[in-house]
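Asker: This is the structure I have questions about; it appears just below.
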2 protein chains.
Amino acid sequence: MDRSKTFLIVGLGLLGGKYAQVLSGKGYRVLGIDTDPDAVAYARRRDYIVEGLAGGDPAPLLAQADYVIFGLYPTALLQWVEACGHLLRPGTLVTDVSGVKRGVVEPVQDRLPQGVEFIASHPMAGRETSGITHSAEVDFAPANFIITPTARNTPAAVDWCRDLAETLGFARISVLSPAEHDRMIGYVSQLCHAIAVSLMCASDNTELARYTGDSFRDLTRIARINDKMWAELFLWNKDNLIGEIDMFSAALGSLREKLAADDREGLEEMFRLSTRRRQAFDKK
Amino acid sequence: MDRSKTFLIVGLGLLGGKYAQVLSGKGYRVLGIDTDPDAVAYARRRDYIVEGLAGGDPAPLLAQADYVIFGLYPTALLQWVEACGHLLRPGTLVTDVSGVKRGVVEPVQDRLPQGVEFIASHPMAGRETSGITHSAEVDFAPANFIITPTARNTPAAVDWCRDLAETLGFARISVLSPAEHDRMIGYVSQLCHAIAVSLMCASDNTELARYTGDSFRDLTRIARINDKMWAELFLWNKDNLIGEIDMFSAALGSLREKLAADDREGLEEMFRLSTRRRQAFDKK
């Protein structure tokens, strides 16, 4: 990645802030925009960015940017593109960090000016925390980075996005269509969060905290959740997530049935199947 | 705990083997019985026990034992007591390791001879593995040890059991009734296992393994499960577990409804509740 290029990060949250931190640390010129003056001030103070803006006209910063990264939730991303997308210079390469892709990627591509290429991507490095003050805790090395091109993207933009991911330190980079991405994320991430949240909401058993072991803690760790962001992610992917919830509920219902019927052999069969499948997830 | 005493471990599995290892290591005389000659040979070879028996008449070993520990699944425990309980000497103190208590503790107390006291307990130190060859991996230090006395138990036996737990290295020792124990274990352990197993059984998504992160791996780690033992534990506690599954399913159903209805505020409220409750589990 050409070190003379200037990055503009729009949205200095947990991930936008981390992008700014890593890219600045590697010698790139990084600018930042956020609606929250504290986030911009924090980024300036830590030298994550050399110039920042909270409110006001973004045109002067956009005019300097070779590469733009949207660190915004899907709804805010669409709103920003609607309001300011026309200010992007032709030749600018643009990506994002958002956790759902269908319903976001093509509308953003529609709204950007001719000559501005939006190549969507998802750094799967979220945490229970949010905000730029927690950016330093994010670790890209073990996380997946997914590039989700559409028919409108050029191979050169996909290569740039892969180069960006490598520069950021991601070891595992994949390319999926927006639809494949959303189906995958509905299962490996959103369903797990829905389960953990439901387990915590099912009953107030906090008095049992002293008896909990690793199993319980591991399973419910992700029940600490950023309410605004996850409501967005769930709603943007609701068809996939509802499908996954229904498949999971059917399996749990079948376990309950076997239990009620004293079907020992049926239970043991489920346990053997789950053990076999889970082993496949250990090997990777 | 008096070092001149002799322990007999009936059932040299993962936990029975670990008890034998720790107690021998601390200088106690430990004997062992198992139906599997390999388990007995392993325990002898590793000096977990000084004398062992696989099949045959247990009377000579029972005659030497001051303390007996049943490292058996509930059904096998009841069968053993039915067949051999009368051979225990008056004055013997007896405990177990089984993961459910109602339906086990009182029948065992009923069947033991006058003067033999059975004080039930549950070392919550299970793992995904089983068998004495994995005993060395078990770590008692961070685990809970629950003593579950009934009205028939003496304070002296409860004290002995607490002393045993300390000798074994448990830092967290509690006393609960069998009913309280089973309700607690239905929530903190069995429901979590039922969820993890159902998630794995819901669909064959092993091709998604490369995209999974910590959330998914943490949540499903316990889907690798000992089929025979967990079928036992689930069935012995089925009323509690079915109740917990129903409460959990209702919460997940409510999340699904909010999602289908685009109820953003309702989802955010669930996320805030789960975050608040989960924090209580972090503090302990």
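Scheme for the structure tokens: letters A, B, ... for chains in order shown; per-chain residue numbers from 1; ligand numbers from 1 in order shown.
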Set out as a tab-separated table a contact list for chain B and chain A with a cut-off of 7 Å, giving each residue of chain B that qualifies its closest atom pair and distance in Å to one decimal, counting only C-alpha atoms, ordered by chain and rising residue number.
Answerer:
```
residue	atom	partner	partner_atom	distance
B:Ala143	CA	A:Gly213	CA	6.9
B:Asn144	CA	A:Tyr211	CA	6.5
B:Met184	CA	A:Leu208	CA	6.9
B:Val188	CA	A:Thr212	CA	5.7
B:Ser189	CA	A:Phe216	CA	6.6
B:Cys192	CA	A:Phe216	CA	6.4
B:Ile195	CA	A:Leu252	CA	6.9
B:Val197	CA	A:Ser274	CA	5.4
B:Ser198	CA	A:Leu252	CA	5.1
B:Leu199	CA	A:Phe248	CA	5.7
B:Met200	CA	A:Ser274	CA	5.1
B:Cys201	CA	A:Ser274	CA	5.7
B:Ala202	CA	A:Phe248	CA	4.9
B:Thr206	CA	A:Ala280	CA	6.2
B:Leu208	CA	A:Met184	CA	6.8
B:Ala209	CA	A:Phe281	CA	5.1
B:Arg210	CA	A:Lys284	CA	6.0
B:Tyr211	CA	A:Asn144	CA	6.4
B:Thr212	CA	A:Val188	CA	5.7
B:Gly213	CA	A:Ala143	CA	6.9
B:Ser215	CA	A:Ile222	CA	6.7
B:Phe216	CA	A:Val188	CA	6.0
B:Asp218	CA	A:Asp218	CA	5.1
B:Leu219	CA	A:Leu219	CA	4.2
B:Ile222	CA	A:Ser215	CA	6.7
B:Ala223	CA	A:Ser274	CA	5.6
B:Arg224	CA	A:Thr275	CA	4.1
B:Ile225	CA	A:Thr275	CA	5.9
B:Asp227	CA	A:Glu268	CA	4.8
B:Lys228	CA	A:Glu268	CA	6.3
B:Ala231	CA	A:Glu268	CA	6.0
B:Leu235	CA	A:Leu259	CA	6.3
B:Lys238	CA	A:Leu259	CA	6.5
B:Ile242	CA	A:Arg256	CA	6.4
B:Met247	CA	A:Ala202	CA	5.5
B:Phe248	CA	A:Ala202	CA	4.9
B:Ala251	CA	A:Ser198	CA	5.1
B:Leu252	CA	A:Ser198	CA	5.1
B:Arg256	CA	A:Ile242	CA	6.4
B:Leu259	CA	A:Leu235	CA	6.3
B:Asp262	CA	A:Leu235	CA	6.6
B:Arg264	CA	A:Ala231	CA	6.0
B:Leu267	CA	A:Ala231	CA	6.0
B:Glu268	CA	A:Asp227	CA	4.8
B:Met270	CA	A:Cys201	CA	6.8
B:Phe271	CA	A:Asp227	CA	5.2
B:Arg272	CA	A:Asp227	CA	6.2
B:Leu273	CA	A:Cys201	CA	6.6
B:Ser274	CA	A:Met200	CA	5.0
B:Thr275	CA	A:Arg224	CA	4.1
B:Arg277	CA	A:Met200	CA	6.5
B:Arg278	CA	A:Arg224	CA	6.3
B:Ala280	CA	A:Thr206	CA	6.2
B:Phe281	CA	A:Ala209	CA	5.1
B:Lys284	CA	A:Arg210	CA	6.0
```
Asker: May I have all residues of segment 24-226 of chain B that DSSP, computed from the backbone, assigns to alpha helix (DSSP H), given as a PyMOL selection string?
Answerer: chain B and resi 24-25+37-45+59-64+74-84+105-111+155-168+178-185+192-202+214-220
Asker: Just to confirm, what's the straight-line distance from atom CA of Leu93 of chain B to atom CA of Gly56 of chain B in Å (one decimal)?
Answerer: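 Value for the atom CA of Leu93 of chain B-atom CA of Gly56 of chain B distance: 22.9 Å.
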Asker: Would you mind listing what lies within 12 Å of Gly16 of chain A as an MDAnalysis selection string, with only C-alpha atoms counted and same-chain residues fewer than 2 positions away left out?
Answerer: chainID A and resid 7:14 18:23 30:34 39:40 43 48:49 68:73 95:98 122:123 125:126 130:136 138 168
Asker: Pro149 of chain A: which residues within 12 Å, counting only C-alpha atoms, same-chain residues fewer than 2 positions away excluded, as number ranges by chain?
Answerer: A: 95-96, 101-102, 105-106, 109, 117-122, 146-147, 151-162, 174-181
Asker: Since we have the selection now, will you write its residues out, keeping N, CA and C atoms, as a compact mmCIF listing (two decimals), in the first residue's frame?
Answerer:
```
# COMPACT_ATOMS: atom_id res chain seq x y z
N THR A 95 -14.21 2.01 1.52
CA THR A 95 -14.70 0.76 2.10
C THR A 95 -15.40 1.08 3.42
N ASP A 96 -15.85 0.04 4.12
CA ASP A 96 -16.60 0.26 5.36
C ASP A 96 -16.20 -0.81 6.36
N LYS A 101 -24.33 -6.76 5.05
CA LYS A 101 -23.93 -6.27 3.73
C LYS A 101 -25.09 -6.10 2.75
N ARG A 102 -26.01 -7.07 2.67
CA ARG A 102 -27.15 -6.87 1.76
C ARG A 102 -27.93 -5.67 2.26
N VAL A 105 -24.69 -2.44 0.76
CA VAL A 105 -23.63 -2.28 -0.23
C VAL A 105 -24.16 -1.68 -1.53
N GLU A 106 -25.20 -2.26 -2.09
CA GLU A 106 -25.67 -1.76 -3.39
C GLU A 106 -26.27 -0.35 -3.29
N GLN A 109 -23.35 1.95 -3.26
CA GLN A 109 -22.75 2.04 -4.60
C GLN A 109 -23.62 2.91 -5.53
N GLU A 117 -15.24 4.34 -6.20
CA GLU A 117 -15.57 2.91 -6.07
C GLU A 117 -15.70 2.51 -4.60
N PHE A 118 -16.85 1.95 -4.25
CA PHE A 118 -17.08 1.43 -2.90
C PHE A 118 -16.94 -0.09 -2.93
N ILE A 119 -15.91 -0.58 -2.25
CA ILE A 119 -15.70 -2.02 -2.12
C ILE A 119 -15.94 -2.37 -0.65
N ALA A 120 -17.03 -3.06 -0.38
CA ALA A 120 -17.44 -3.28 1.02
C ALA A 120 -16.57 -4.35 1.68
N SER A 121 -16.41 -4.23 2.99
CA SER A 121 -15.67 -5.26 3.74
C SER A 121 -16.13 -5.28 5.19
N HIS A 122 -15.82 -6.36 5.86
CA HIS A 122 -16.23 -6.53 7.26
C HIS A 122 -15.07 -7.12 8.07
N ILE A 146 -13.52 -10.01 5.83
CA ILE A 146 -14.29 -10.49 4.68
C ILE A 146 -14.50 -9.35 3.69
N ILE A 147 -14.10 -9.56 2.45
CA ILE A 147 -14.34 -8.59 1.38
C ILE A 147 -15.59 -9.06 0.63
N ALA A 151 -21.04 -7.11 -8.51
CA ALA A 151 -20.68 -7.13 -9.94
C ALA A 151 -20.08 -5.80 -10.38
N ARG A 152 -20.37 -4.74 -9.60
CA ARG A 152 -19.87 -3.43 -10.01
C ARG A 152 -18.42 -3.17 -9.60
N ASN A 153 -17.86 -4.05 -8.79
CA ASN A 153 -16.49 -3.78 -8.33
C ASN A 153 -15.44 -4.28 -9.31
N THR A 154 -14.30 -3.58 -9.30
CA THR A 154 -13.17 -3.95 -10.16
C THR A 154 -12.24 -4.87 -9.39
N PRO A 155 -11.51 -5.75 -10.10
CA PRO A 155 -10.49 -6.56 -9.43
C PRO A 155 -9.47 -5.69 -8.70
N ALA A 156 -9.17 -4.53 -9.25
CA ALA A 156 -8.18 -3.66 -8.61
C ALA A 156 -8.65 -3.21 -7.23
N ALA A 157 -9.96 -2.95 -7.08
CA ALA A 157 -10.49 -2.51 -5.79
C ALA A 157 -10.46 -3.67 -4.78
N VAL A 158 -10.75 -4.88 -5.27
CA VAL A 158 -10.67 -6.05 -4.37
C VAL A 158 -9.23 -6.22 -3.89
N ASP A 159 -8.27 -6.07 -4.81
CA ASP A 159 -6.85 -6.17 -4.43
C ASP A 159 -6.48 -5.10 -3.41
N TRP A 160 -6.96 -3.88 -3.63
CA TRP A 160 -6.68 -2.80 -2.68
C TRP A 160 -7.23 -3.14 -1.29
N CYS A 161 -8.43 -3.70 -1.27
CA CYS A 161 -9.07 -4.00 0.01
C CYS A 161 -8.30 -5.11 0.74
N ARG A 162 -7.82 -6.08 -0.04
CA ARG A 162 -7.02 -7.15 0.54
C ARG A 162 -5.70 -6.58 1.09
N SER A 174 -10.95 -13.27 3.40
CA SER A 174 -11.79 -14.06 2.50
C SER A 174 -12.61 -13.13 1.62
N VAL A 175 -13.10 -13.67 0.51
CA VAL A 175 -14.00 -12.94 -0.37
C VAL A 175 -15.32 -13.71 -0.45
N LEU A 176 -16.41 -13.04 -0.13
CA LEU A 176 -17.75 -13.64 -0.19
C LEU A 176 -18.69 -12.63 -0.85
N SER A 177 -19.77 -13.11 -1.44
CA SER A 177 -20.79 -12.17 -1.91
C SER A 177 -21.51 -11.59 -0.70
N PRO A 178 -22.15 -10.40 -0.85
CA PRO A 178 -22.93 -9.86 0.27
C PRO A 178 -23.94 -10.88 0.82
N ALA A 179 -24.60 -11.63 -0.05
CA ALA A 179 -25.59 -12.61 0.42
C ALA A 179 -24.93 -13.75 1.21
N GLU A 180 -23.79 -14.26 0.70
CA GLU A 180 -23.07 -15.31 1.43
C GLU A 180 -22.59 -14.79 2.78
N HIS A 181 -22.08 -13.56 2.77
CA HIS A 181 -21.62 -12.96 4.03
C HIS A 181 -22.74 -12.90 5.06
```
Asker: Which value, in Å to one decimal, gives the distance between atom CA of Lys5 of chain A and atom CA of Ala83 of chain A?
Answerer: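 For atom CA of Lys5 of chain A relative to atom CA of Ala83 of chain A, the distance reads 25.0 Å.
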Asker: Can you list every residue in segment 119-181 of chain A that DSSP puts in strand (DSSP E or B), as a PyMOL selection string?
Answerer: chain A and resi 121-124+144-147+172-175
Asker: What is the distance, in Å and to one decimal place, between atom CA of Ser24 of chain B and atom CA of Thr6 of chain B?
Answerer: 10.1 Å
Asker: Which residue out of A:Gly25, A:Val116, A:Val108, A:Val100 has the minimum interatomic distance to Ala65 of chain A when only C-alpha atoms are used?
Answerer: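 That would be A:Val116, the residue with the smallest distance to Ala65 of chain A.
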